[in-house]
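Asker: Input structure: input.cif, which contains mmCIF, C-alpha atoms.
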data_my_file
#
loop_
_atom_site.label_atom_id
_atom_site.label_comp_id
_atom_site.auth_asym_id
_atom_site.auth_seq_id
_atom_site.Cartn_x
_atom_site.Cartn_y
_atom_site.Cartn_z
CA MET J 1483 -9.29 58.13 -47.03
CA GLU J 1484 -8.10 54.59 -46.47
CA ILE J 1485 -4.72 53.00 -47.15
CA MET J 1486 -5.01 49.83 -49.26
CA GLN J 1487 -2.88 47.62 -51.49
CA VAL J 1488 -3.76 46.66 -55.08
CA THR J 1489 -4.09 42.87 -55.41
CA GLY J 1490 -5.65 42.44 -58.87
CA SER J 1491 -8.60 43.24 -61.09
CA ILE J 1492 -12.06 41.82 -61.73
CA VAL J 1493 -13.71 41.21 -65.08
CA CYS J 1494 -17.47 41.71 -65.35
CA SER J 1495 -19.23 41.27 -68.68
CA GLN J 1496 -22.64 42.06 -67.15
CA ARG J 1497 -22.55 45.34 -65.29
CA VAL J 1498 -24.58 48.53 -64.87
CA PRO J 1499 -24.10 51.13 -67.65
CA GLY J 1500 -23.00 53.87 -65.24
CA LEU J 1501 -19.50 52.44 -64.77
CA ALA J 1502 -18.62 52.89 -68.46
CA HIS J 1503 -15.49 50.90 -69.32
CA GLN J 1504 -13.58 51.72 -66.15
CA GLN J 1505 -11.17 49.09 -64.94
CA LEU J 1506 -12.12 47.68 -61.56
CA ARG J 1507 -9.26 47.02 -59.15
CA VAL J 1508 -9.35 44.68 -56.17
CA LEU J 1509 -7.81 46.26 -53.08
CA ARG J 1510 -6.93 44.85 -49.68
CA THR J 1511 -6.61 46.68 -46.37
CA SER J 1512 -3.89 45.81 -43.88
CA LYS J 1513 -6.51 43.70 -42.05
CA GLY J 1514 -7.27 41.67 -45.19
CA LYS J 1515 -10.63 43.17 -46.12
CA LEU J 1516 -11.19 43.22 -49.91
CA SER J 1517 -12.88 46.05 -51.83
CA VAL J 1518 -13.36 47.00 -55.49
CA ALA J 1519 -12.37 50.47 -56.73
CA VAL J 1520 -12.25 52.48 -59.93
CA ASP J 1521 -8.64 53.38 -60.80
CA PRO J 1522 -8.04 56.73 -62.57
CA VAL J 1523 -4.33 56.88 -61.65
CA GLY J 1524 -3.03 53.62 -63.18
CA ALA J 1525 -1.92 51.65 -60.12
CA THR J 1526 -0.34 48.22 -60.51
CA VAL J 1527 -0.46 45.09 -58.35
CA GLY J 1528 1.50 45.56 -55.15
CA ASN J 1529 1.11 49.36 -55.07
CA TRP J 1530 -0.05 50.91 -51.83
CA VAL J 1531 -2.70 53.53 -52.58
CA PHE J 1532 -5.17 55.72 -50.73
CA THR J 1533 -8.85 55.61 -51.63
CA ALA J 1534 -11.74 58.08 -51.44
CA SER J 1535 -15.18 56.71 -50.60
CA GLY J 1536 -18.76 57.99 -50.68
CA SER J 1537 -19.72 60.90 -52.90
CA ALA J 1538 -16.05 61.99 -53.12
CA ALA J 1539 -15.37 58.73 -55.02
CA ARG J 1540 -17.55 59.88 -57.89
CA PHE J 1541 -15.89 63.30 -58.17
CA ALA J 1542 -12.42 61.71 -57.91
CA THR J 1543 -12.92 59.88 -61.20
CA GLY J 1544 -13.10 63.18 -63.09
CA ASP J 1545 -16.61 62.19 -64.21
CA ALA J 1546 -19.17 62.87 -61.46
CA ASP J 1547 -21.74 60.63 -63.16
CA LEU J 1548 -19.60 57.53 -62.79
CA LEU J 1549 -21.29 55.06 -60.43
CA THR J 1550 -18.56 54.24 -57.95
CA ASP J 1551 -18.37 54.45 -54.16
CA LEU J 1552 -14.59 53.84 -54.00
CA THR J 1553 -11.88 55.42 -56.16
CA ILE J 1554 -8.11 55.28 -55.96
CA GLY J 1555 -6.93 58.82 -55.16
CA GLY J 1556 -3.17 58.35 -55.47
CA ILE J 1557 -0.23 55.96 -55.29
CA ILE J 1558 1.76 56.28 -52.08
CA ASP J 1559 5.43 56.96 -52.83
CA ARG J 1560 6.62 57.14 -49.27
CA TRP J 1561 5.42 57.55 -45.76
CA ASP J 1562 7.08 60.15 -43.56
CA PRO J 1563 7.02 60.09 -39.77
CA ASP J 1564 6.37 63.82 -40.11
CA GLY J 1565 5.61 65.49 -43.42
CA MET A 130 -17.50 48.64 -53.94
CA GLU A 131 -17.77 45.38 -52.02
CA ILE A 132 -17.53 41.78 -53.22
CA MET A 133 -20.55 39.69 -52.16
CA GLN A 134 -22.33 36.47 -53.08
CA VAL A 135 -26.03 36.20 -53.89
CA THR A 136 -27.79 33.85 -51.45
CA GLY A 137 -31.49 34.46 -52.14
CA SER A 138 -34.29 37.00 -52.22
CA ILE A 139 -36.72 38.51 -49.73
CA VAL A 140 -40.43 39.05 -50.21
CA CYS A 141 -42.01 42.13 -48.59
CA SER A 142 -45.69 42.89 -49.11
CA GLN A 143 -45.51 46.02 -46.92
CA ARG A 144 -42.76 48.31 -48.09
CA VAL A 145 -42.10 51.98 -48.79
CA PRO A 146 -43.36 53.23 -52.20
CA GLY A 147 -39.92 54.45 -53.30
CA LEU A 148 -38.61 50.97 -54.07
CA ALA A 149 -41.20 50.37 -56.79
CA HIS A 150 -41.35 46.68 -57.69
CA GLN A 151 -37.62 46.06 -57.60
CA GLN A 152 -36.53 42.59 -56.62
CA LEU A 153 -34.55 42.56 -53.38
CA ARG A 154 -31.60 40.19 -53.24
CA VAL A 155 -29.94 38.86 -50.11
CA LEU A 156 -26.15 39.03 -50.34
CA ARG A 157 -23.42 37.66 -48.10
CA THR A 158 -19.86 38.90 -47.71
CA SER A 159 -16.93 36.51 -47.32
CA LYS A 160 -17.19 37.12 -43.55
CA GLY A 161 -20.86 36.05 -43.48
CA LYS A 162 -22.49 39.47 -43.10
CA LEU A 163 -25.89 39.64 -44.83
CA SER A 164 -27.22 42.67 -46.73
CA VAL A 165 -30.16 43.41 -49.03
CA ALA A 166 -29.59 44.97 -52.46
CA VAL A 167 -31.56 46.03 -55.51
CA ASP A 168 -30.52 43.94 -58.55
CA PRO A 169 -30.60 45.66 -61.98
CA VAL A 170 -28.27 43.12 -63.64
CA GLY A 171 -30.15 39.85 -63.08
CA ALA A 172 -27.82 37.91 -60.79
CA THR A 173 -28.71 34.39 -59.66
CA VAL A 174 -28.02 32.50 -56.44
CA GLY A 175 -24.35 31.61 -56.12
CA ASN A 176 -23.12 34.51 -58.30
CA TRP A 177 -20.32 36.64 -56.93
CA VAL A 178 -21.11 40.31 -57.56
CA PHE A 179 -19.77 43.73 -56.62
CA THR A 180 -22.06 46.26 -55.01
CA ALA A 181 -22.23 50.07 -54.90
CA SER A 182 -23.38 51.70 -51.66
CA GLY A 183 -24.45 55.17 -50.56
CA SER A 184 -25.73 57.69 -53.07
CA ALA A 185 -24.05 55.74 -55.92
CA ALA A 186 -26.50 52.92 -55.22
CA ARG A 187 -29.42 55.08 -56.28
CA PHE A 188 -27.78 56.18 -59.54
CA ALA A 189 -26.70 52.59 -60.29
CA THR A 190 -30.32 51.47 -60.58
CA GLY A 191 -30.84 53.72 -63.60
CA ASP A 192 -33.56 55.54 -61.62
CA ALA A 193 -32.03 58.05 -59.18
CA ASP A 194 -35.30 58.29 -57.23
CA LEU A 195 -35.18 54.64 -56.23
CA LEU A 196 -34.75 54.34 -52.46
CA THR A 197 -31.85 51.97 -52.10
CA ASP A 198 -28.49 52.23 -50.35
CA LEU A 199 -27.02 49.07 -51.96
CA THR A 200 -27.20 48.02 -55.62
CA ILE A 201 -25.55 45.19 -57.51
CA GLY A 202 -23.16 46.80 -60.02
CA GLY A 203 -22.06 43.72 -61.94
CA ILE A 204 -21.55 39.97 -61.93
CA ILE A 205 -17.91 38.95 -61.53
CA ASP A 206 -16.82 36.68 -64.40
CA ARG A 207 -13.27 36.19 -63.27
CA TRP A 208 -10.63 37.60 -61.00
CA ASP A 209 -7.22 38.32 -62.46
CA PRO A 210 -4.05 38.58 -60.38
CA ASP A 211 -3.34 41.59 -62.58
CA GLY A 212 -5.88 43.02 -65.01
CA MET T 1063 -29.98 47.66 -46.98
CA GLU T 1064 -29.61 45.76 -43.73
CA ILE T 1065 -31.78 43.05 -42.17
CA MET T 1066 -32.82 43.89 -38.61
CA GLN T 1067 -35.45 42.93 -36.05
CA VAL T 1068 -37.73 45.40 -34.24
CA THR T 1069 -37.18 45.22 -30.48
CA GLY T 1070 -39.07 48.29 -29.19
CA SER T 1071 -39.37 52.05 -29.30
CA ILE T 1072 -37.72 55.01 -27.61
CA VAL T 1073 -39.43 58.04 -26.16
CA CYS T 1074 -37.63 61.41 -26.38
CA SER T 1075 -39.29 64.56 -25.11
CA GLN T 1076 -36.27 66.72 -26.06
CA ARG T 1077 -35.36 66.21 -29.68
CA VAL T 1078 -34.41 68.19 -32.77
CA PRO T 1079 -37.36 69.72 -34.68
CA GLY T 1080 -36.50 67.97 -37.96
CA LEU T 1081 -37.81 64.60 -36.86
CA ALA T 1082 -41.38 65.91 -36.48
CA HIS T 1083 -43.49 63.43 -34.51
CA GLN T 1084 -42.11 60.31 -36.13
CA GLN T 1085 -42.05 57.21 -33.98
CA LEU T 1086 -38.51 55.97 -33.34
CA ARG T 1087 -38.04 52.21 -33.39
CA VAL T 1088 -35.18 50.30 -31.79
CA LEU T 1089 -33.80 47.64 -34.12
CA ARG T 1090 -31.27 44.85 -33.57
CA THR T 1091 -29.07 43.13 -36.13
CA SER T 1092 -28.39 39.40 -35.99
CA LYS T 1093 -25.11 40.25 -34.25
CA GLY T 1094 -26.89 42.20 -31.50
CA LYS T 1095 -26.03 45.74 -32.60
CA LEU T 1096 -28.81 48.22 -31.73
CA SER T 1097 -29.90 51.13 -33.95
CA VAL T 1098 -32.77 53.64 -34.02
CA ALA T 1099 -34.91 54.06 -37.15
CA VAL T 1100 -37.92 56.01 -38.37
CA ASP T 1101 -40.78 53.63 -39.22
CA PRO T 1102 -43.11 54.63 -42.09
CA VAL T 1103 -44.45 51.08 -42.63
CA GLY T 1104 -45.88 50.26 -39.19
CA ALA T 1105 -43.68 47.39 -38.02
CA THR T 1106 -44.31 45.71 -34.66
CA VAL T 1107 -41.98 44.13 -32.13
CA GLY T 1108 -40.52 40.88 -33.42
CA ASN T 1109 -40.88 41.81 -37.12
CA TRP T 1110 -37.84 41.33 -39.31
CA VAL T 1111 -37.42 44.35 -41.55
CA PHE T 1112 -34.89 45.79 -43.98
CA THR T 1113 -33.57 49.29 -43.50
CA ALA T 1114 -32.20 52.02 -45.79
CA SER T 1115 -29.37 54.20 -44.48
CA GLY T 1116 -27.67 57.42 -45.54
CA SER T 1117 -29.43 59.90 -47.79
CA ALA T 1118 -31.82 57.15 -48.98
CA ALA T 1119 -33.22 57.04 -45.43
CA ARG T 1120 -34.55 60.58 -45.77
CA PHE T 1121 -36.25 59.91 -49.10
CA ALA T 1122 -37.69 56.63 -47.80
CA THR T 1123 -39.78 58.47 -45.22
CA GLY T 1124 -41.78 60.19 -47.98
CA ASP T 1125 -40.57 63.55 -46.58
CA ALA T 1126 -37.01 64.31 -47.76
CA ASP T 1127 -36.60 66.98 -45.06
CA LEU T 1128 -36.97 64.47 -42.24
CA LEU T 1129 -33.71 64.21 -40.30
CA THR T 1130 -33.08 60.50 -40.20
CA ASP T 1131 -30.14 58.35 -41.30
CA LEU T 1132 -32.02 55.03 -40.93
CA THR T 1133 -35.54 54.20 -42.11
CA ILE T 1134 -37.46 50.92 -42.21
CA GLY T 1135 -38.03 50.11 -45.90
CA GLY T 1136 -40.29 47.09 -45.55
CA ILE T 1137 -41.40 44.16 -43.42
CA ILE T 1138 -39.92 40.83 -44.56
CA ASP T 1139 -42.70 38.29 -45.23
CA ARG T 1140 -40.49 35.45 -46.27
CA TRP T 1141 -37.01 34.64 -47.42
CA ASP T 1142 -36.60 32.55 -50.54
CA PRO T 1143 -33.48 30.56 -51.36
CA ASP T 1144 -33.99 31.93 -54.85
CA GLY T 1145 -36.55 34.64 -55.66
CA MET X 840 -16.68 63.00 -35.77
CA GLU X 841 -13.93 60.63 -34.71
CA ILE X 842 -11.01 61.15 -32.33
CA MET X 843 -7.67 60.26 -33.92
CA GLN X 844 -3.95 60.91 -33.45
CA VAL X 845 -1.63 62.27 -36.15
CA THR X 846 1.16 59.77 -36.89
CA GLY X 847 2.76 61.17 -40.08
CA SER X 848 2.19 62.15 -43.69
CA ILE X 849 2.17 60.38 -47.04
CA VAL X 850 3.80 61.57 -50.26
CA CYS X 851 2.03 60.76 -53.55
CA SER X 852 3.47 62.01 -56.83
CA GLN X 853 0.67 60.38 -58.85
CA ARG X 854 -2.70 61.45 -57.57
CA VAL X 855 -6.08 62.64 -58.81
CA PRO X 856 -6.23 66.36 -59.70
CA GLY X 857 -9.12 67.08 -57.29
CA LEU X 858 -6.92 67.01 -54.20
CA ALA X 859 -4.85 69.99 -55.37
CA HIS X 860 -1.66 70.28 -53.32
CA GLN X 861 -3.22 69.47 -49.98
CA GLN X 862 -0.99 67.74 -47.48
CA LEU X 863 -2.22 64.24 -46.60
CA ARG X 864 -1.89 63.24 -42.95
CA VAL X 865 -1.87 59.70 -41.61
CA LEU X 866 -4.11 59.33 -38.55
CA ARG X 867 -4.59 56.47 -36.11
CA THR X 868 -7.62 55.70 -33.95
CA SER X 869 -7.26 54.42 -30.39
CA LYS X 870 -7.82 50.90 -31.81
CA GLY X 871 -4.90 51.26 -34.24
CA LYS X 872 -6.85 51.74 -37.47
CA LEU X 873 -5.01 54.03 -39.94
CA SER X 874 -6.70 56.61 -42.20
CA VAL X 875 -5.57 59.45 -44.46
CA ALA X 876 -7.01 62.96 -44.03
CA VAL X 877 -6.65 66.44 -45.48
CA ASP X 878 -5.36 68.86 -42.82
CA PRO X 879 -6.57 72.49 -43.01
CA VAL X 880 -5.67 73.28 -39.37
CA GLY X 881 -1.95 72.50 -39.29
CA ALA X 882 -1.73 69.57 -36.90
CA THR X 883 1.63 68.01 -36.02
CA VAL X 884 2.67 64.45 -35.21
CA GLY X 885 1.34 63.38 -31.82
CA ASN X 886 -1.62 65.79 -31.84
CA TRP X 887 -5.02 64.36 -31.00
CA VAL X 888 -7.59 65.71 -33.45
CA PHE X 889 -11.21 65.16 -34.40
CA THR X 890 -12.13 64.40 -38.00
CA ALA X 891 -15.20 64.95 -40.17
CA SER X 892 -16.07 62.28 -42.75
CA GLY X 893 -18.41 61.97 -45.72
CA SER X 894 -19.70 65.06 -47.50
CA ALA X 895 -18.87 67.21 -44.44
CA ALA X 896 -15.18 66.46 -45.10
CA ARG X 897 -15.31 68.35 -48.38
CA PHE X 898 -16.97 71.42 -46.88
CA ALA X 899 -14.55 71.37 -43.93
CA THR X 900 -11.60 72.07 -46.20
CA GLY X 901 -13.05 75.47 -47.13
CA ASP X 902 -13.14 74.30 -50.77
CA ALA X 903 -16.19 72.08 -51.42
CA ASP X 904 -14.67 70.78 -54.66
CA LEU X 905 -11.75 69.16 -52.87
CA LEU X 906 -11.95 65.39 -53.23
CA THR X 907 -11.59 64.17 -49.66
CA ASP X 908 -13.76 61.94 -47.47
CA LEU X 909 -11.86 62.74 -44.24
CA THR X 910 -10.72 66.14 -42.97
CA ILE X 911 -9.19 67.22 -39.68
CA GLY X 912 -11.73 69.52 -38.00
CA GLY X 913 -9.68 70.69 -35.03
CA ILE X 914 -6.86 69.97 -32.62
CA ILE X 915 -8.05 68.80 -29.21
CA ASP X 916 -6.66 71.03 -26.44
CA ARG X 917 -8.28 69.25 -23.55
CA TRP X 918 -11.02 66.85 -22.68
CA ASP X 919 -13.44 67.81 -19.94
CA PRO X 920 -15.54 65.34 -17.97
CA ASP X 921 -18.32 67.86 -18.48
CA GLY X 922 -18.01 70.89 -20.72
CA MET F 1200 -29.48 56.53 -35.76
CA GLU F 1201 -27.24 55.18 -33.02
CA ILE F 1202 -27.74 55.01 -29.26
CA MET F 1203 -24.86 56.57 -27.34
CA GLN F 1204 -24.09 58.00 -23.89
CA VAL F 1205 -22.63 61.46 -23.26
CA THR F 1206 -19.29 61.19 -21.46
CA GLY F 1207 -17.87 64.73 -21.71
CA SER F 1208 -16.79 67.54 -24.01
CA ILE F 1209 -13.68 68.49 -25.92
CA VAL F 1210 -12.10 71.92 -26.15
CA CYS F 1211 -10.40 72.90 -29.44
CA SER F 1212 -8.90 76.36 -29.87
CA GLN F 1213 -7.73 75.58 -33.42
CA ARG F 1214 -10.59 74.30 -35.51
CA VAL F 1215 -12.14 74.76 -38.94
CA PRO F 1216 -14.43 77.82 -39.29
CA GLY F 1217 -17.44 75.76 -40.40
CA LEU F 1218 -18.20 74.48 -36.92
CA ALA F 1219 -18.91 77.99 -35.59
CA HIS F 1220 -18.96 77.97 -31.77
CA GLN F 1221 -20.85 74.72 -31.40
CA GLN F 1222 -20.08 72.69 -28.30
CA LEU F 1223 -18.52 69.32 -29.13
CA ARG F 1224 -19.67 66.39 -27.00
CA VAL F 1225 -17.81 63.12 -26.52
CA LEU F 1226 -20.15 60.14 -26.82
CA ARG F 1227 -19.62 56.43 -26.15
CA THR F 1228 -21.50 53.49 -27.63
CA SER F 1229 -22.40 50.44 -25.54
CA LYS F 1230 -19.30 48.77 -27.00
CA GLY F 1231 -17.01 51.57 -25.79
CA LYS F 1232 -16.35 53.31 -29.11
CA LEU F 1233 -15.90 57.10 -28.71
CA SER F 1234 -17.21 59.73 -31.13
CA VAL F 1235 -17.56 63.52 -31.17
CA ALA F 1236 -20.93 65.15 -31.92
CA VAL F 1237 -22.51 68.58 -32.15
CA ASP F 1238 -25.21 68.97 -29.48
CA PRO F 1239 -28.23 71.16 -30.34
CA VAL F 1240 -30.47 69.68 -27.60
CA GLY F 1241 -28.42 70.38 -24.47
CA ALA F 1242 -27.54 66.91 -23.22
CA THR F 1243 -25.54 66.42 -20.02
CA VAL F 1244 -22.99 63.81 -18.98
CA GLY F 1245 -24.62 60.45 -18.39
CA ASN F 1246 -27.57 61.10 -20.72
CA TRP F 1247 -28.37 58.41 -23.27
CA VAL F 1248 -29.05 60.04 -26.63
CA PHE F 1249 -29.59 59.01 -30.25
CA THR F 1250 -27.42 60.49 -32.97
CA ALA F 1251 -27.86 61.21 -36.69
CA SER F 1252 -24.84 60.72 -38.97
CA GLY F 1253 -23.92 61.62 -42.54
CA SER F 1254 -25.70 64.43 -44.35
CA ALA F 1255 -28.62 64.22 -41.88
CA ALA F 1256 -26.20 65.40 -39.16
CA ARG F 1257 -25.81 68.75 -40.87
CA PHE F 1258 -29.55 69.31 -41.27
CA ALA F 1259 -30.17 68.20 -37.67
CA THR F 1260 -28.21 71.17 -36.33
CA GLY F 1261 -30.76 73.58 -37.78
CA ASP F 1262 -27.93 75.09 -39.88
CA ALA F 1263 -27.20 72.95 -42.96
CA ASP F 1264 -23.85 74.67 -43.46
CA LEU F 1265 -22.48 73.43 -40.16
CA LEU F 1266 -19.61 71.01 -40.78
CA THR F 1267 -20.56 68.02 -38.68
CA ASP F 1268 -21.03 64.34 -39.52
CA LEU F 1269 -22.64 63.45 -36.15
CA THR F 1270 -25.34 65.37 -34.29
CA ILE F 1271 -27.32 64.52 -31.17
CA GLY F 1272 -30.96 64.13 -32.28
CA GLY F 1273 -32.63 63.73 -28.90
CA ILE F 1274 -32.30 62.66 -25.28
CA ILE F 1275 -33.83 59.25 -24.57
CA ASP F 1276 -36.41 59.50 -21.77
CA ARG F 1277 -37.39 55.88 -21.75
CA TRP F 1278 -37.25 52.72 -23.74
CA ASP F 1279 -40.46 50.78 -24.31
CA PRO F 1280 -40.60 47.11 -25.20
CA ASP F 1281 -43.29 48.19 -27.64
CA GLY F 1282 -44.10 51.83 -28.38
#
Can I see the file as structure tokens?
Answerer:
Amino acid sequence: MEIMQVTGSIVCSQRVPGLAHQQLRVLRTSKGKLSVAVDPVGATVGNWVFTASGSAARFATGDADLLTDLTIGGIIDRWDPDG
Amino acid sequence: MEIMQVTGSIVCSQRVPGLAHQQLRVLRTSKGKLSVAVDPVGATVGNWVFTASGSAARFATGDADLLTDLTIGGIIDRWDPDG
Amino acid sequence: MEIMQVTGSIVCSQRVPGLAHQQLRVLRTSKGKLSVAVDPVGATVGNWVFTASGSAARFATGDADLLTDLTIGGIIDRWDPDG
Amino acid sequence: MEIMQVTGSIVCSQRVPGLAHQQLRVLRTSKGKLSVAVDPVGATVGNWVFTASGSAARFATGDADLLTDLTIGGIIDRWDPDG
Amino acid sequence: MEIMQVTGSIVCSQRVPGLAHQQLRVLRTSKGKLSVAVDPVGATVGNWVFTASGSAARFATGDADLLTDLTIGGIIDRWDPDG
């Protein structure tokens, strides 16, 4: 999974049916790369999150038919040097 | 999903049967990388879109047998700092 | 899918059984990165092609058991500013 | 698989159900890129490990329903010039 | 598939069960990136090989349950300008 920060959302009136009414979040990696993810955990702008990609992204939404390749898996509370 | 801009189309008379007669769009990321995607939403040149890759790309076409690894998932209307 | 140019072929006497007797093409992206792909469309050196990766690459060969992660999907005839 | 070094753990109180109570490790590649992985082998900070990504990451946890795209596959004891 | 060169092996006493007793090879791309792959063809250090990634990597081992995301597909004998 990747570590990314939530920077906003996108609005798309024309989109494929398979995404239902999921909100689409814009995320940024520490190197500045932007991606779009489905958000089942309710992250807000500024949150650091980890994301699941590939086929795991579909299962992570709780609805395996949802057409995403990137899903927020959790909001990072803290980062320990050793867990 | 990735954010890309539509820059044109490609024409291929010789291609594998599994793509049917889908139109193939040329997309460009903000860093200039070019990719080819199937377009089920009817984007036009200049549109910013988000794309699904991997196995999600096949489902996103509405025909899971279609042989694509990148499909346009929606046209971006606007980008909110917080959705 | 990615846009690549055919630059040659590789010959491998020792290889895994799952590739059958498929010819293996060497492709180059516009940035110079080299990859190896199965070629079901009969491309020749110098052709610009688009390629399917991941699980779509297996289906694109017409034989879903073929063990490839990159397959040539079509030869690009021309590139339109808008298709 | 990739070679990475364990640098710590992350704590996430809000996360998707599909990750169960798996511990999430933060890994770093030799180029400094950070990723998050499920750890079924019990690695500690400083260990060099190899990781499986994609659908193999789910199977590697021993529970194919676990929603991960990166799993530690083993701790590297030593590196031989030729094995 | 990617073109890589075999540079050695890794030894891992603690690893996930799904890799059985497969030997793990360390490979290097022309740009110096290192990866770890399962080797069903018996490559030796210095050999140039091509590798299959993703779900194809599991099938390429001849045992689809093997937990790898990179498998050596063949040893490159020679490289023709046109095959």
Asker: Within 7 Å of chain J, which residues belong to chain X? Use all atoms listed in the file and report them as a list in words.
Answerer: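 Applying the cut-off to the listed atoms yields Thr846, Gly847, Ser848, Ile849, Val850, Cys851, Ser852, Gln853, Arg854, Val855, Gly857, Ser874, Val875, Ala876, Val884, Gly893, Ser894, Leu906, Thr907, Asp908 and Leu909 of chain X.
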Asker: For the atom pair CA of Leu1086 in chain T and CA of Val1100 in chain T, what is the interatomic distance in Å to one decimal place?
Answerer: 5.1 Å
Asker: Just how far from CA of Leu1265 in chain F is CA of Ala1219 in chain F, in Å to one decimal?
Answerer: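 Distance between the two atoms: 7.4 Å.
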Asker: Tell me, in Å to one decimal, how far CA of Lys1232 in chain F is from CA of Lys1515 in chain J.
Answerer: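 Going from CA of Lys1232 in chain F over to CA of Lys1515 in chain J, I get 20.6 Å.
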Asker: Can you turn the PyMOL selection byres ((chain J and resi 1528) around 7) into a concrete residue list for this file, as JSON, numbers by chain?
Answerer: {"J": [1487, 1488, 1489, 1526, 1527, 1529, 1530]}
